[in-house]
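Heads up, input_10.txt below (compact mmCIF, C-alpha atoms):
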```
# COMPACT_ATOMS: atom_id res chain seq x y z
CA MET A 1 -62.69 -149.34 -42.20
CA LYS A 2 -63.99 -148.61 -45.69
CA PHE A 3 -67.53 -149.08 -44.41
CA SER A 4 -66.93 -146.54 -41.64
CA LEU A 5 -65.54 -144.03 -44.12
CA VAL A 6 -68.52 -144.51 -46.43
CA VAL A 7 -70.97 -144.03 -43.54
CA CYS A 8 -69.10 -140.95 -42.35
CA SER A 9 -69.06 -139.45 -45.86
CA PHE A 10 -72.75 -140.23 -46.27
CA LEU A 11 -73.60 -138.47 -42.99
CA LEU A 12 -71.56 -135.41 -43.97
CA LEU A 13 -73.30 -135.22 -47.33
CA MET A 14 -76.69 -135.53 -45.66
CA ALA A 15 -75.79 -132.76 -43.22
CA ALA A 16 -74.70 -130.49 -46.05
CA ALA A 17 -77.84 -131.23 -48.02
CA SER A 18 -80.03 -130.39 -45.03
CA GLY A 19 -78.29 -127.04 -44.58
CA PHE A 20 -76.76 -128.00 -41.23
CA VAL A 21 -73.48 -126.30 -40.47
CA THR A 22 -71.13 -127.70 -37.85
CA PRO A 23 -70.99 -125.19 -34.94
CA VAL A 24 -67.78 -123.21 -34.73
CA ALA A 25 -65.46 -124.03 -31.87
CA TYR A 26 -65.52 -121.56 -28.99
CA GLU A 27 -63.00 -118.78 -29.41
CA ASN A 28 -62.56 -115.57 -27.47
CA LYS A 29 -62.96 -113.22 -30.41
CA LEU A 30 -65.59 -111.94 -32.81
CA VAL A 31 -64.99 -110.96 -36.45
CA ILE A 32 -66.90 -107.87 -37.60
CA GLY A 33 -67.56 -107.41 -41.31
CA ILE A 34 -67.12 -103.87 -42.64
CA ASP A 35 -68.99 -102.66 -45.75
CA THR A 36 -67.75 -99.14 -46.46
CA LEU A 37 -69.81 -98.90 -49.65
CA SER A 38 -73.15 -99.24 -47.84
CA THR A 39 -72.28 -96.90 -44.96
CA LYS A 40 -70.40 -94.34 -47.09
CA LEU A 41 -67.87 -94.29 -44.26
CA ASN A 42 -64.17 -94.99 -44.65
CA ARG A 43 -62.45 -97.75 -42.70
CA GLN A 44 -61.32 -95.46 -39.89
CA GLN A 45 -64.82 -94.01 -39.50
CA CYS A 46 -66.28 -97.52 -39.29
CA ARG A 47 -63.76 -98.42 -36.59
CA SER A 48 -64.60 -95.20 -34.76
CA GLY A 49 -68.29 -96.15 -34.87
CA LEU A 50 -67.47 -99.50 -33.27
CA LEU A 51 -65.31 -97.79 -30.62
CA TRP A 52 -68.25 -95.54 -29.71
CA THR A 53 -70.43 -98.65 -29.48
CA LEU A 54 -68.00 -100.33 -27.10
CA SER A 55 -67.68 -97.14 -25.05
CA TYR A 56 -71.46 -96.88 -24.72
CA LEU A 57 -71.32 -100.45 -23.37
CA GLY A 58 -68.88 -99.39 -20.65
CA ALA A 59 -65.58 -100.55 -22.16
CA THR A 60 -62.62 -98.61 -20.72
CA LEU A 61 -60.33 -99.66 -23.60
CA PRO A 62 -57.03 -99.07 -21.75
CA THR A 63 -54.39 -97.51 -23.99
CA SER A 64 -52.00 -100.39 -23.38
CA GLN A 65 -54.37 -102.93 -24.95
CA ALA A 66 -56.83 -100.94 -27.08
CA ALA A 67 -54.91 -101.61 -30.31
CA SER A 68 -55.06 -105.34 -29.58
CA ALA A 69 -58.69 -105.27 -28.39
CA ILE A 70 -60.05 -104.23 -31.79
CA LYS A 71 -57.82 -104.58 -34.84
CA TRP A 72 -58.03 -105.12 -38.57
CA GLN A 73 -58.00 -108.69 -39.84
CA SER A 74 -58.35 -107.59 -43.46
CA ASP A 75 -59.52 -104.58 -45.48
CA SER A 76 -63.12 -105.55 -44.77
CA ALA A 77 -63.02 -107.15 -41.32
CA LEU A 78 -62.17 -106.13 -37.76
CA VAL A 79 -61.59 -108.52 -34.86
CA ILE A 80 -62.79 -107.78 -31.33
CA TYR A 81 -61.28 -109.53 -28.31
CA PRO A 82 -63.78 -109.22 -25.40
CA ASP A 83 -61.25 -109.88 -22.63
CA LEU A 84 -59.20 -106.85 -23.69
CA LEU A 85 -62.03 -104.29 -23.77
CA GLY A 86 -61.95 -103.37 -20.10
CA LEU A 87 -65.54 -104.30 -19.31
CA GLY A 88 -66.73 -105.08 -15.78
CA LYS A 89 -66.49 -108.70 -14.65
CA THR A 90 -70.16 -109.63 -15.10
CA GLY A 91 -70.49 -107.32 -18.09
CA GLU A 92 -67.70 -109.15 -19.87
CA VAL A 93 -69.41 -112.50 -19.22
CA ALA A 94 -72.64 -111.17 -20.78
CA PHE A 95 -70.75 -109.66 -23.73
CA GLU A 96 -68.92 -112.93 -24.43
CA LYS A 97 -72.17 -114.91 -24.21
CA ILE A 98 -73.79 -112.65 -26.82
CA CYS A 99 -70.67 -112.93 -29.02
CA ASP A 100 -70.85 -116.71 -28.75
CA SER A 101 -74.50 -116.64 -29.86
CA LEU A 102 -73.53 -114.50 -32.85
CA ARG A 103 -70.71 -116.88 -33.76
CA HIS A 104 -73.21 -119.74 -33.87
CA THR A 105 -75.60 -118.05 -36.29
CA ARG A 106 -75.79 -119.52 -39.76
CA GLN A 107 -74.61 -116.27 -41.33
CA TYR A 108 -71.46 -116.09 -39.21
CA GLN A 109 -70.62 -119.73 -39.86
CA GLN A 110 -71.02 -119.33 -43.61
CA THR A 111 -69.40 -115.91 -44.04
CA GLY A 112 -66.97 -115.85 -41.10
CA SER A 113 -68.19 -112.53 -39.70
CA VAL A 114 -71.15 -110.57 -38.38
CA PRO A 115 -71.98 -107.31 -40.21
CA ALA A 116 -70.94 -104.26 -38.20
CA GLY A 117 -74.45 -102.82 -38.21
CA ALA A 118 -75.92 -106.08 -36.93
CA PHE A 119 -73.34 -106.16 -34.13
CA VAL A 120 -74.26 -102.62 -33.03
CA ALA A 121 -78.00 -103.34 -33.24
CA VAL A 122 -77.69 -106.48 -31.12
CA MET A 123 -75.41 -105.00 -28.46
CA VAL A 124 -76.95 -101.54 -28.08
CA GLY A 125 -80.45 -101.95 -29.52
CA CYS A 126 -81.49 -104.84 -27.28
CA SER A 127 -82.10 -103.30 -23.86
CA GLU A 128 -81.53 -106.55 -21.95
CA HIS A 129 -78.12 -106.93 -23.58
CA TYR A 130 -77.20 -103.31 -22.85
CA TYR A 131 -78.26 -103.54 -19.20
CA ALA A 132 -76.32 -106.77 -18.63
CA ILE A 133 -73.11 -105.54 -20.26
CA THR A 134 -73.20 -102.18 -18.45
CA GLU A 135 -74.01 -103.93 -15.14
CA ALA A 136 -77.08 -101.74 -14.61
CA PRO A 137 -78.76 -101.54 -11.16
CA THR A 138 -81.72 -103.90 -11.52
CA SER A 139 -84.15 -101.82 -9.46
CA LEU A 140 -84.88 -98.16 -8.80
CA ASN A 141 -84.15 -98.77 -5.13
CA ALA A 142 -80.73 -100.18 -6.04
CA PHE A 143 -80.06 -97.09 -8.17
CA LYS A 144 -81.04 -94.79 -5.29
CA LYS A 145 -78.86 -96.77 -2.88
CA LEU A 146 -75.95 -96.40 -5.27
CA HIS A 147 -76.52 -92.65 -5.60
CA HIS A 148 -77.50 -90.93 -2.40
CA GLY A 149 -76.69 -87.69 -0.65
CA LYS A 150 -77.24 -84.07 -1.59
CA ARG A 151 -79.36 -83.42 -4.66
CA SER A 152 -81.11 -80.64 -6.55
CA THR A 153 -84.78 -80.83 -7.56
CA PHE A 154 -86.52 -79.27 -10.55
CA MET A 155 -90.09 -79.42 -11.79
CA ILE A 156 -91.07 -79.73 -15.46
CA GLU A 157 -94.73 -78.82 -15.80
CA HIS A 158 -95.11 -80.57 -19.15
CA SER A 159 -92.36 -82.78 -20.48
CA LEU A 160 -92.20 -83.22 -24.24
CA ILE A 161 -90.71 -86.66 -23.59
CA SER A 162 -92.99 -88.15 -20.93
CA GLY A 163 -96.08 -86.24 -22.03
CA ARG A 164 -96.83 -85.18 -18.45
CA ALA A 165 -95.34 -83.40 -15.47
CA ARG A 166 -92.08 -84.83 -14.16
CA HIS A 167 -89.60 -84.18 -11.40
CA LEU A 168 -85.89 -83.97 -12.14
CA PHE A 169 -83.34 -84.88 -9.48
CA PHE A 170 -79.67 -84.08 -10.04
CA GLY A 171 -76.98 -85.59 -7.86
CA ARG A 172 -73.53 -84.24 -7.07
CA VAL A 173 -72.04 -82.18 -9.88
CA ALA A 174 -68.60 -83.69 -9.27
CA ALA A 175 -68.10 -86.56 -11.73
CA PRO A 176 -67.94 -89.55 -11.54
CA LYS A 177 -70.67 -89.31 -8.86
CA LEU A 178 -72.88 -87.36 -11.27
CA TRP A 179 -76.37 -88.75 -11.74
CA ALA A 180 -79.82 -87.66 -12.84
CA LEU A 181 -83.30 -89.07 -12.28
CA ALA A 182 -86.54 -88.12 -14.05
CA VAL A 183 -89.72 -89.29 -12.32
CA GLN A 184 -93.28 -89.06 -13.59
CA LYS A 185 -96.57 -90.25 -12.13
CA LYS A 186 -99.66 -91.58 -13.91
CA GLU A 187 -102.71 -92.67 -11.93
CA ARG A 188 -100.55 -92.94 -8.79
CA LYS A 189 -98.09 -95.19 -10.61
CA VAL A 190 -94.52 -93.94 -10.69
CA SER A 191 -91.98 -94.67 -13.42
CA ALA A 192 -88.54 -93.22 -13.98
CA GLU A 193 -85.65 -92.75 -16.37
CA ALA A 194 -82.17 -92.45 -14.88
CA ILE A 195 -78.65 -91.51 -15.94
CA ASP A 196 -75.34 -92.05 -14.22
CA VAL A 197 -71.67 -92.23 -15.17
CA MET A 198 -69.83 -95.49 -15.85
CA PRO A 199 -66.15 -96.01 -14.91
CA ASN A 200 -65.13 -95.10 -18.47
CA GLY A 201 -66.81 -91.67 -18.28
CA GLN A 202 -69.68 -92.64 -20.56
CA LEU A 203 -73.29 -92.03 -19.55
CA ARG A 204 -75.44 -95.05 -18.68
CA PHE A 205 -79.17 -94.85 -19.42
CA LEU A 206 -81.71 -96.74 -17.34
CA ILE A 207 -85.50 -97.11 -17.50
CA TYR A 208 -87.54 -98.30 -14.50
CA ASN A 209 -91.18 -99.34 -14.66
CA GLU A 210 -93.98 -98.73 -12.15
CA ASN A 211 -92.74 -101.71 -10.12
CA GLY A 212 -89.30 -100.17 -9.85
CA ARG A 213 -87.68 -102.81 -12.06
CA LEU A 214 -85.51 -102.32 -15.12
CA SER A 215 -87.60 -102.06 -18.24
CA ALA A 216 -86.62 -102.39 -21.91
CA ALA A 217 -88.58 -99.18 -22.62
CA PRO A 218 -91.31 -97.11 -20.95
CA ALA A 219 -94.64 -98.95 -20.75
CA ASP A 220 -96.59 -95.69 -20.97
CA LYS A 221 -97.48 -95.10 -24.63
CA ASP A 222 -97.37 -91.34 -24.05
CA ASN A 223 -93.71 -91.55 -23.06
CA LEU A 224 -91.44 -90.99 -26.06
CA ALA A 225 -88.20 -91.94 -24.32
CA GLY A 226 -87.88 -95.27 -26.16
CA LYS A 227 -85.06 -97.71 -25.41
CA PRO A 228 -81.68 -96.72 -23.91
CA ALA A 229 -80.36 -96.63 -27.49
CA LYS A 230 -82.79 -93.80 -28.20
CA CYS A 231 -81.51 -91.98 -25.13
CA MET A 232 -77.98 -92.28 -26.57
CA TRP A 233 -79.15 -90.86 -29.89
CA CYS A 234 -80.83 -87.90 -28.19
CA HIS A 235 -78.26 -87.09 -25.49
CA GLU A 236 -75.20 -87.61 -27.73
CA GLY A 237 -72.94 -88.51 -24.81
CA GLN A 238 -73.94 -85.63 -22.55
CA LEU A 239 -76.89 -84.23 -20.61
CA GLN A 240 -79.41 -82.34 -22.70
CA ARG A 241 -80.82 -78.97 -21.82
CA PRO A 242 -84.64 -78.84 -21.53
CA PHE A 243 -86.43 -78.75 -24.89
CA ASN A 244 -88.97 -76.18 -23.68
CA THR A 245 -89.17 -73.46 -21.06
CA GLU A 246 -92.12 -74.89 -19.10
CA VAL A 247 -89.79 -75.60 -16.20
CA ASN A 248 -89.94 -74.04 -12.77
CA ASP A 249 -86.69 -72.17 -12.12
CA VAL A 250 -85.45 -72.78 -15.67
CA ALA A 251 -82.83 -70.13 -14.98
CA THR A 252 -81.17 -72.49 -12.49
CA LEU A 253 -81.78 -75.76 -14.35
CA VAL A 254 -79.82 -74.78 -17.47
CA PRO A 255 -76.69 -73.76 -15.51
CA ALA A 256 -76.99 -77.02 -13.53
CA VAL A 257 -76.99 -79.04 -16.76
CA ASP A 258 -74.04 -77.04 -18.09
CA SER A 259 -72.10 -77.59 -14.86
CA MET A 260 -72.66 -81.33 -15.04
CA ASN A 261 -71.49 -81.43 -18.65
CA ASN A 262 -68.40 -79.41 -17.77
CA ALA A 263 -67.66 -81.90 -14.98
CA LEU A 264 -68.03 -84.74 -17.49
CA ARG A 265 -65.61 -83.15 -19.95
CA THR A 266 -63.07 -82.58 -17.21
CA LEU A 267 -63.37 -86.17 -16.01
CA ARG A 268 -62.98 -87.61 -19.49
CA LYS A 269 -59.70 -85.78 -20.05
CA THR A 270 -58.15 -87.73 -17.15
CA PHE A 271 -58.59 -91.18 -18.71
CA ASP A 272 -55.74 -93.22 -20.17
CA SER A 273 -57.84 -94.81 -22.91
CA GLY A 274 -57.60 -95.85 -26.52
CA PHE A 275 -61.04 -94.26 -27.00
CA SER A 276 -61.45 -90.52 -27.43
CA PHE A 277 -64.66 -88.54 -26.87
CA GLU A 278 -63.37 -86.05 -29.44
CA PRO A 279 -64.32 -85.22 -32.08
CA HIS A 280 -67.72 -85.50 -30.45
CA ARG A 281 -69.65 -85.87 -33.71
CA ASP A 282 -68.00 -89.24 -34.30
CA HIS A 283 -70.79 -90.84 -32.25
CA THR A 284 -72.88 -90.47 -35.42
CA TYR A 285 -70.81 -93.20 -37.07
CA MET A 286 -72.27 -95.75 -34.66
CA GLU A 287 -75.78 -94.73 -35.68
CA ILE A 288 -74.91 -94.88 -39.38
CA LEU A 289 -73.63 -98.44 -38.91
CA TYR A 290 -76.90 -99.80 -37.53
CA ILE A 291 -79.19 -97.66 -39.71
CA SER A 292 -77.44 -98.73 -42.92
CA TYR A 293 -77.80 -102.37 -41.85
CA LEU A 294 -81.47 -102.20 -40.87
CA GLU A 295 -82.28 -100.23 -44.04
CA PRO A 296 -80.08 -101.76 -46.75
CA THR A 297 -79.73 -100.87 -50.41
CA LEU A 298 -80.09 -103.38 -53.22
CA GLN A 299 -76.34 -103.31 -53.84
CA GLN A 300 -75.64 -103.90 -50.15
CA LEU A 301 -77.89 -106.98 -50.10
CA SER A 302 -76.15 -108.25 -53.22
CA ARG A 303 -72.79 -108.16 -51.42
CA GLU A 304 -74.19 -109.54 -48.17
CA TRP A 305 -76.31 -112.33 -49.67
CA ARG A 306 -73.77 -113.08 -52.41
CA MET A 307 -76.45 -112.88 -55.08
CA LYS A 308 -76.86 -110.85 -58.26
CA SER A 309 -78.73 -107.58 -57.87
CA GLU A 310 -81.16 -108.57 -60.61
CA ASP A 311 -82.07 -111.76 -58.76
CA ILE A 312 -82.64 -109.90 -55.49
CA ARG A 313 -84.72 -107.22 -57.20
CA LEU A 314 -86.94 -109.96 -58.62
CA LEU A 315 -87.10 -111.76 -55.27
CA LEU A 316 -88.14 -108.56 -53.46
CA ARG A 317 -90.30 -107.11 -56.22
CA LEU A 318 -93.30 -106.78 -53.88
CA ASN A 319 -91.36 -104.98 -51.15
CA LYS A 320 -91.55 -101.20 -51.05
CA ARG A 321 -88.44 -99.06 -50.81
CA HIS A 322 -87.90 -95.67 -49.18
CA LEU A 323 -85.44 -92.87 -48.51
CA HIS A 324 -83.99 -92.29 -45.06
CA PRO A 325 -85.19 -89.02 -43.46
CA GLU A 326 -81.98 -88.38 -41.51
CA PHE A 327 -79.09 -89.66 -43.64
CA SER A 328 -78.51 -89.86 -47.37
CA PHE A 329 -77.45 -93.38 -48.31
CA GLY A 330 -78.07 -92.77 -51.99
CA ASP A 331 -80.33 -95.48 -53.38
CA SER A 332 -83.79 -96.23 -52.08
CA LEU A 333 -83.75 -98.55 -49.08
CA TYR A 334 -85.44 -101.76 -48.06
CA THR A 335 -86.65 -102.40 -44.51
CA ARG A 336 -84.75 -105.41 -43.23
CA SER A 337 -87.55 -106.67 -41.00
CA GLU A 338 -89.79 -106.90 -44.09
CA ILE A 339 -87.33 -108.92 -46.20
CA LYS A 340 -85.73 -111.27 -43.66
CA ALA A 341 -87.96 -114.16 -44.79
CA ALA A 342 -86.29 -113.96 -48.21
CA ALA A 343 -82.74 -113.87 -46.85
CA PRO A 344 -80.51 -116.94 -47.33
CA TYR A 345 -79.28 -116.37 -43.76
CA SER A 346 -79.61 -113.62 -41.19
CA ILE A 347 -78.57 -112.37 -37.77
CA PRO A 348 -81.39 -112.00 -35.19
CA VAL A 349 -81.56 -108.22 -34.71
CA PRO A 350 -84.18 -105.84 -33.31
CA ASP A 351 -86.52 -104.46 -35.95
CA ASP A 352 -85.97 -100.99 -34.48
CA VAL A 353 -82.93 -100.00 -32.40
CA ARG A 354 -84.60 -97.02 -30.71
CA GLU A 355 -88.15 -98.28 -30.10
CA TRP A 356 -89.02 -101.50 -28.25
CA ARG A 357 -90.66 -104.36 -30.14
CA LEU A 358 -91.95 -107.66 -28.79
CA SER A 359 -89.71 -109.40 -31.34
CA ASP A 360 -86.49 -107.93 -29.89
CA PRO A 361 -84.00 -110.82 -29.47
CA ASN A 362 -82.51 -111.65 -26.09
CA PHE A 363 -79.50 -113.96 -26.27
CA LEU A 364 -79.20 -113.92 -22.47
CA ARG A 365 -82.64 -115.31 -21.76
CA THR A 366 -82.54 -118.62 -19.92
CA LYS A 367 -84.10 -121.33 -22.06
```
As a first step, turn the structure in this file into structure tokens.
Amino acid sequence: MKFSLVVCSFLLLMAAASGFVTPVAYENKLVIGIDTLSTKLNRQQCRSGLLWTLSYLGATLPTSQAASAIKWQSDSALVIYPDLLGLGKTGEVAFEKICDSLRHTRQYQQTGSVPAGAFVAVMVGCSEHYYAITEAPTSLNAFKKLHHGKRSTFMIEHSLISGRARHLFFGRVAAPKLWALAVQKKERKVSAEAIDVMPNGQLRFLIYNENGRLSAAPADKDNLAGKPAKCMWCHEGQLQRPFNTEVNDVATLVPAVDSMNNALRTLRKTFDSGFSFEPHRDHTYMEILYISYLEPTLQQLSREWRMKSEDIRLLLRLNKRHLHPEFSFGDSLYTRSEIKAAAPYSIPVPDDVREWRLSDPNFLRTK
């Protein structure tokens, strides 16, 4: 018996010395760490940013269970329960699988949570994750089969987004059957970006390549659309009016866009949900969460890595810092993708939420 205890103790010590951490047991929840100092958001604004994230993923967040679906565990941590979010059946399976991968990262096991910004980046900034959770039609033909019937057609002679001429197709104005499709052709090869409405009233953004299959981002380098997360940033939860006037019948296109947005607003008022689309500017909190994580300050890294600022400054002395062009986070910022090799632990996140990179993680990929 003593020998067994000695061997067991020896093995545990060896495991600790090697840095191995026993995997956490499966549990149907995910703890989200909140750092209000780095985001310059208060606790309620951070929670609102996470609610917008979940809404963009298709969560209906029924009023009867919204308070239980995402609630405070402490002053600096929220808990999300996937089975209470109101996701679709297959979307919930994908969401839970990604959560399980996050729970088994070294950072989660050592700190007990995943940073809010990392959570947003992984869920929204990885196109494969977004498509799976929102149960996106996997082909352009499937999208067209889902949305058929009467439509309106417009011609954009030169799109600032695609860099070439594109056709716009708008479906029925009456939500939730509202949809839009932008098609462009290059050397006889057709690609498309599509929008439709999910059961929770949120827009779903889809990108299809020249083979008619879902794509993480446009393959054409001239196309500035980026990943679905970039579409969210640009559209801000509604359809955008054209950026220029090089559109045939622009006088009818703008009213068509306005009518579709009015239909969306009317639809959203009918939902019994713990999520509110108003105030509309709250969607910015989601963006601040992932931006502040991907571009951290020295003080933020000190809290996250549990190291002294002076030690981190010395460790990263060769790394350049910068100011963010869109938001003021105060101190000069590091680029997380450039410092991850120095981190004591990390969450696999995309280097850029809005633009596709070959290094984008995919927790759903079959090994």
Among the residues A:Leu87, A:Ala192, A:Leu294, A:Ala67, the one that comes closest to A:Gly274 [using only C-alpha atoms]
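Of A:Leu87, A:Ala192, A:Leu294, A:Ala67, the one nearest A:Gly274, counting only C-alpha atoms, is A:Ala67.
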I'd like the neighbourhood of A:Val257 as a VMD selection string, where a residue qualifies if any of its atoms comes within 8 Å (using all atoms listed in the file), though same-chain residues fewer than 2 positions away should be ignored.
chain A and resid 239 to 241 253 to 255 259 to 261
Selection near A:Trp72, 12 Å with all atoms listed in the file, sequence-local residues under 2 positions removed, as a list in words
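My reading of the contact set: Leu30, Val31, Ile32, Gly33, Ile34, Arg43, Gln44, Cys46, Arg47, Ala67, Ser68, Ala69, Ile70, Ser74, Asp75, Ser76, Ala77, Leu78, Val79, Ile80 and Tyr81 of chain A.
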What does the file look like for those residues with C-alpha atoms, as an mmCIF file, keeping the file's coordinate frame?
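The new file result_23.cif reads:
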```
data_model
loop_
_atom_site.group_PDB
_atom_site.id
_atom_site.type_symbol
_atom_site.label_atom_id
_atom_site.label_comp_id
_atom_site.auth_asym_id
_atom_site.auth_seq_id
_atom_site.Cartn_x
_atom_site.Cartn_y
_atom_site.Cartn_z
ATOM 1 C CA LEU A 30 -65.590 -111.940 -32.810
ATOM 2 C CA VAL A 31 -64.990 -110.960 -36.450
ATOM 3 C CA ILE A 32 -66.900 -107.870 -37.600
ATOM 4 C CA GLY A 33 -67.560 -107.410 -41.310
ATOM 5 C CA ILE A 34 -67.120 -103.870 -42.640
ATOM 6 C CA ARG A 43 -62.450 -97.750 -42.700
ATOM 7 C CA GLN A 44 -61.320 -95.460 -39.890
ATOM 8 C CA CYS A 46 -66.280 -97.520 -39.290
ATOM 9 C CA ARG A 47 -63.760 -98.420 -36.590
ATOM 10 C CA ALA A 67 -54.910 -101.610 -30.310
ATOM 11 C CA SER A 68 -55.060 -105.340 -29.580
ATOM 12 C CA ALA A 69 -58.690 -105.270 -28.390
ATOM 13 C CA ILE A 70 -60.050 -104.230 -31.790
ATOM 14 C CA SER A 74 -58.350 -107.590 -43.460
ATOM 15 C CA ASP A 75 -59.520 -104.580 -45.480
ATOM 16 C CA SER A 76 -63.120 -105.550 -44.770
ATOM 17 C CA ALA A 77 -63.020 -107.150 -41.320
ATOM 18 C CA LEU A 78 -62.170 -106.130 -37.760
ATOM 19 C CA VAL A 79 -61.590 -108.520 -34.860
ATOM 20 C CA ILE A 80 -62.790 -107.780 -31.330
ATOM 21 C CA TYR A 81 -61.280 -109.530 -28.310
#
```
Residue list as a ChimeraX atom specification for point (-71.7, -83.2, -21.8), cut-off 7 Å, only C-alpha atoms
/A:237-239,261-262,264-265
So that I can check the surroundings of A:Phe277, please list as a ChimeraX atom specification every protein, DNA and RNA residue that reaches within 9 Å of it, counting all atoms listed in the file and ignoring chain neighbours fewer than 3 positions away.
/A:52,237,265,268-269,280-283
With C-alpha atoms kept, could you save the residues just selected as a PDB file, in the frame of the given file?
```
ATOM      1  CA  TRP A  52     -68.250 -95.540 -29.710  1.00  0.00           C
ATOM      2  CA  GLY A 237     -72.940 -88.510 -24.810  1.00  0.00           C
ATOM      3  CA  ARG A 265     -65.610 -83.150 -19.950  1.00  0.00           C
ATOM      4  CA  ARG A 268     -62.980 -87.610 -19.490  1.00  0.00           C
ATOM      5  CA  LYS A 269     -59.700 -85.780 -20.050  1.00  0.00           C
ATOM      6  CA  HIS A 280     -67.720 -85.500 -30.450  1.00  0.00           C
ATOM      7  CA  ARG A 281     -69.650 -85.870 -33.710  1.00  0.00           C
ATOM      8  CA  ASP A 282     -68.000 -89.240 -34.300  1.00  0.00           C
ATOM      9  CA  HIS A 283     -70.790 -90.840 -32.250  1.00  0.00           C
TER      10      HIS A 283
END
```
Rounded to one decimal place, report the atom CA of A:Arg336-atom CA of A:Ser359 distance in Å.
13.5 Å
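Nearest to A:Ser328 of all the residues A:Gln300, A:Thr39, A:Asn28, A:Thr134 is A:Thr39, based on all atoms listed in the file.
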Selection near A:Ala59, 8 Å with all atoms listed in the file, sequence-local residues under 3 positions removed, as a ChimeraX atom specification:
/A:54-56,85-88,200
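By chain and then residue number, the residues within 8 Å of A:Asn362 are Cys126, Glu128 and His129 of chain A, counting all atoms listed in the file and disregarding those fewer than 4 positions away in sequence.
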Which of these, A:Leu146, A:Ala225, A:Leu140, A:Ala118, has the shortest distance to A:Ser162 once you count only C-alpha atoms?
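The closest residue to A:Ser162 is A:Ala225.
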In Å to one decimal, how far is atom CA of A:Tyr334 from atom CA of A:His322?
6.7 Å
Which of these, A:Gln184, A:Thr53, A:Thr60, A:Ser191, has the shortest distance to A:Glu157 once you count all atoms listed in the file?
A:Gln184
Around the point (-88.5, -98.8, -20.4) (coordinates from the file), which residues reach within 10 Å if we count only C-alpha atoms? Answer as an NGL selection string.
:A and (127 or 191-193 or 206-210 or 213-220 or 223 or 225-228 or 355-356)
